[in-house]
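To start, the structure itself, in C-alpha cells.
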2 protein chains.
Amino acid sequence: MNEIPYKIYLEEHEMPKQWYNVRADMKKKPAPILNPVTKEPITLEELSAIFCTELAKQELDDTTAYFDIPEEIRNFYKMYRPSPLVRAYCLEKKLGTPAHIYYKFEGNNTSGSHKLNSAIAQAYYAKQQGLKGVTTETGAGQWGTALSMACSYFDLDCQVYMVKCSYEQKPFRREVMRTYGAQVTPSPSMNTNVGRKINEEFPGTTGSLGCAISEAVEAAGNQEGYRYVLGSVLTQVLLHQSVIGLETKAALDKYGVKADMVIGCAGGGSNLGGLISPFAGEMLRGEAEYALIAVEPSSCPSLTRGKYAYDYCDTGKVCPLSKMYTLGSGYIPAASHAGGLRYHGMSSVVSELYDQGLMSARSVKQTEVFKAAQEFARIEGILPAPESSHAIKVAIDEAMKCKETGEAKNIVFGLTGTGYFDMFAYQRYNDGEMNDYVPTEEEIAKALAKLPEVE
Amino acid sequence: MNEIPYKIYLEEHEMPKQWYNVRADMKKKPAPILNPVTKEPITLEELSAIFCTELAKQELDDTTAYFDIPEEIRNFYKMYRPSPLVRAYCLEKKLGTPAHIYYKFEGNNTSGSHKLNSAIAQAYYAKQQGLKGVTTETGAGQWGTALSMACSYFDLDCQVYMVKCSYEQKPFRREVMRTYGAQVTPSPSMNTNVGRKINEEFPGTTGSLGCAISEAVEAAGNQEGYRYVLGSVLTQVLLHQSVIGLETKAALDKYGVKADMVIGCAGGGSNLGGLISPFAGEMLRGEAEYALIAVEPSSCPSLTRGKYAYDYCDTGKVCPLSKMYTLGSGYIPAASHAGGLRYHGMSSVVSELYDQGLMSARSVKQTEVFKAAQEFARIEGILPAPESSHAIKVAIDEAMKCKETGEAKNIVFGLTGTGYFDMFAYQRYNDGEMNDYVPTEEEIAKALAKLPEVE
C-alpha cells in the first residue's frame, strides 16, 4: 500500500459517471411530497409546472438506483472536480490524536461550495427542455452564485431573489452573481404579488428565505419558458450531490481506507445527504456499518429538537408539502451567521434515514463552531465557511475522544466550502461579539403548534 | 500518449524538491543591490540586519542553480500544492481557436494567490533563526494574508502595515489576517517615526505602499528578534516562486507538451519571474526557445515605458537600491484596481532578462482586462484576480491570432489568483464606471528625472 498523500485526487477516468439515488435501497421510502392544495401525493404533471420535467422525474423516482450523468455535465464537473479528499496530517499532529482525519473539500470553485454540483445539473436540464431561464432565491448567496455560474455556462437567463438583508450586507456576493450575468433582485421586491403584499404589510422589512422562495416560484410561473430551481432540501438535489459521497468513497477505496464515521453539516441536507448516500446505501444493503453524523446549529435544531411531520417548505405555502424533521415553517431562527443552516426543515431523505436510525445528529453552538473554524484555518490553511465548520467542530471532538481511548479511527467529514464572503461573521468572532442562541422549549413548541394537518 | 485531462495534477512525489535560481544560468548577472547610504554593493552582514540571514544569502547568491526546499516547507506545500495546470478546453472551444491554452492556477489557497509559496519559506527561515516575529507591508492584501497564514503555521508573531485606504476599503482582507492571528495596523500609523512624520505632514493621508514598506522596515529594526519580509521584487522571492514554473514545466513534460509561449502578469515580478524561470533557464542554456511575455497595466508601465537604472525600492529610501526597469520611486500610479501591479519598478532578475531580450512585454488597459476577466469567469468558472487577468487578456489575444493563422500553438499563462476580495472593482466594471488611464510622456519624464545618481 502506498503512503496516503496529503490530497487524494481521483483521475478523471475514476470520476463517477452516475449519480446514486439512495432511496432505491431504502425498504421504507421517504413519504411522498404532497400537493399543497389537495394534500394528495403530487403528480409528475403537477410538479412539472414548477420544475423542469426531467428534474421532476428525478424528484419522484424512488426506485432507480443510478442515473447517468450527462456528458456535458461531466465535462463541466471536470473544470472543478474531482475535489480533493484531504488527509489532515497537520491537524492530526496538532491535536496529538491517533485518529486519521480526512475531509472532502468542496470549496475550490468560485461559488465557494458544493452547490455548483446541483446547479449545473439543474441548468443543464432547463437548457435541454428549451427553457429561456430559471428563477431562484438565495440567502447566504452560495446557491445564487453557483446557479449564476451554471446559467452563464449554458447561456440561460438567471433571476435571483436575494433576501434583502443579505443583498445589502453582502454586496460582493451580489457582484459575483452580476459578473456571471444574473439579475439579482432584493426580496421582498415589487416584482411579484407576494413581494408587494409583504412590502405593504411590513414596510422596511429586510426579507426572509421563505419569502424569497415564494417570490421566485411566482416569478417563474409568470414568465413563459421559465421554471423555478432550488439548491437544497429536494431529493433531486441530494441525487446530484451524491457525486460528493461517490468520489469520497472511491478515493478511500483506492487507498484501502475504511471510514469509521462520516460527518456532515446539515441545513436543508444537500451536502450531508450527498456525502453520506453511498455509505448509507451500503448500510441499507447490509454490506457495512458506519457512524453517520449530522451536525446542525443549536439555533436551528430541526433533527435534534424538531418533529417528524408533514410541513410546508416555504412561508408562502406555494411549494409541495414534505414529510420531514421540522421546527415549523413559521420558525424564525435567531440571527446566526451560518446562513446556510437556517432552514426550518430537513430533506425528506435525510429525515427518513435519521428516523430509521441509520444516522445520528448533534447540535453545536456558534461560538464553539467559530473556535473550531479558526483552529482549522490556522492549522490546515483553509478558511472554512461557517456552515462547514459545524462538521469540523464534531470531527475535532471525535478525534479528541480517540486521543483518550487510543483508537486510530478513520474520521471523514465534509468541508463544504470557504468562508471568504463570511468575514463579517469572523470579524464578530475576532472582536468577541458573537453570541450563542438556543431556543427555549416554549419557542419550539409554539412553532410546532402551527404544523399543517395532513391525514 | 494519453488524452490531456482538464486539470493536470502532479503526484506528490513529482513535486519539486529544489527551487531554481535562474541567475546561475545568466552569463550577464543582474546588477548587485546597493547600500542606500554608501551606494556600494551591499554585504551579507548589512543585508542580514534587515532580512533573515538565510534569506539574505539567497538574495545575494547568483551562482547556485538549485536550493533544496526544506522538508517542512515541502510538507506545507503539500497542503495546497501541486497547483493544477489546467487545459482550458472550454475557453478554446468558445474562442474557436486551434491554439491549446493552459493555465497554472495558483488561487486554490486561502491567501488567494501564489504569494503563499514565498511567505511560508520566509516564515520558515525566520523560525529557524529563532526570531520572535516578522514585519511586512501589504497593499491589495494578498501578501499580508499569505504571510499571516505562514506565521500562524510556525507560531511566529506577524505585524502587517496595511496601506490605510486598503485597510478601510477591504475590511474583509483585514479580518482574514486577524483570523490567522496577525496584528494589522493601518499605515501611516503612529508606531514609527516615518509614520508619525507623514501623518504630521499630510494629515488625513490614506497612505501608500512605499510608506508602508518604510514603516515595516523601521518596526522590524526597533524590535529585538524581528526581521522585515517582502512578498515581491526580491530575488529570494523569485527563487521561491520558481516552484510555479518548475511544476508547470513538469506537468507539460509529463504529457509531452512543448510550450510556445509563456505569459505572466507583472507587478514587482514575483509571479512572472517564478513562472518563466525554468523556461528562461533553458533559453539561457541554449536548449530551447520560448516566447516569454510580461503583461503590465498601462497605468504603471515600468517595462514598456520605464528606464533601466538604479532606483530606490521604497519611498522612504531605507531599502537597498536595485537596478531595474523603473518609473521612478516617486511615480504615483493612477488609482487602479489591479492593486498588486502598482509597483514603480520591476524585479532586477526580470529586468535583466528583459534587457537581454529573453522576454517581451506589453501593457494593457484596465477595461480590456476586466472584459477578459469576465469572459474567462463565465467560460472557465474561475473568477480571476484583476492582476491575473492581465495575463488572461494577452492569452486570449494570442489565441485569437492563432485563429487567424490556423496555428495550433501551445499558450501557457499564469493565473495567479482569485478575485473574491476584489468585488468592488468588478462592481465598478459591472456598473460601467471603470476608466482607463495612460500616463503622459511628461508625467513619466517628470518621475524619471528624480532617479538617484549612481556611478
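Chain labels A, B, ... are given in the sequence in which chains occur in the C-alpha cells; within each chain residues are numbered consecutively from 1, and ligands are likewise numbered from 1 in the order shown.
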Taking only C-alpha atoms into account, find every residue of chain A that has an atom no more than 6 Å from chain B, and write it out as a PyMOL selection string. chain A and resi 110+152+172+175+180+378+382+423+427
Which residues, written as a PyMOL selection string, have at least one atom at most 6 Å from Leu34 in chain A, with only C-alpha atoms counted and residues fewer than 3 positions away on the same chain left out? chain A and resi 39-42+320-321
Find the spatial neighbours of His240 in chain B, counting only C-alpha atoms, within a cut-off of 7 Å - ignore same-chain residues fewer than 6 positions away - and output them as a PDB file with C-alpha atoms, in the first residue's frame.
```pdb
ATOM      1  CA  TRP B  19      13.949  25.791  -6.111  1.00  0.00           C
ATOM      2  CA  ASN B 117       4.824  29.995  -1.858  1.00  0.00           C
ATOM      3  CA  SER B 118       7.321  32.557  -0.630  1.00  0.00           C
TER       4      SER B 118
END
```
Can you pull out every residue from range 249-327 of chain B that DSSP, working from the backbone, puts in helix (DSSP H, G or I), and format the result as JSON, numbers by chain? {"B": [249, 250, 251, 252, 253, 254, 270, 271, 272, 273, 274, 275, 276, 277, 278, 279, 280, 281, 282, 283, 284, 302, 303, 304, 305]}
With only C-alpha atoms as the counted atoms, please give the residues lying no more than 12 Å from Asn435 in chain A, apart from itself and same-chain residues fewer than 4 positions off, as a VMD selection string. chain A and resid 298 to 299 334 to 337 365 to 370 425 428 to 429 431
Hey, can you check how far CA of Cys165 in chain B sits from CA of Gly204 in chain B?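 These atoms are spaced 10.6 Å apart.
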Output as a PyMOL selection string all residues of range 212-436 of chain B that backbone DSSP marks as strand (DSSP E or B). chain B and resi 226-228+261-265+291-297+307-312+321-326+345+360-364+384+410-415+417-418
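Of the residues listed (A:Thr405, A:Ser208, A:Ser187, A:Ser214), A:Ser214 shows the shortest atom-to-atom separation from Tyr312 in chain A; distances use only C-alpha atoms.
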Ranking B:Glu247, B:Asp61, B:Glu433, B:Glu14 by minimum distance to Lys29 in chain B and counting only C-alpha atoms, which one comes first?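 Distance minimum relative to Lys29 in chain B lands on B:Asp61.
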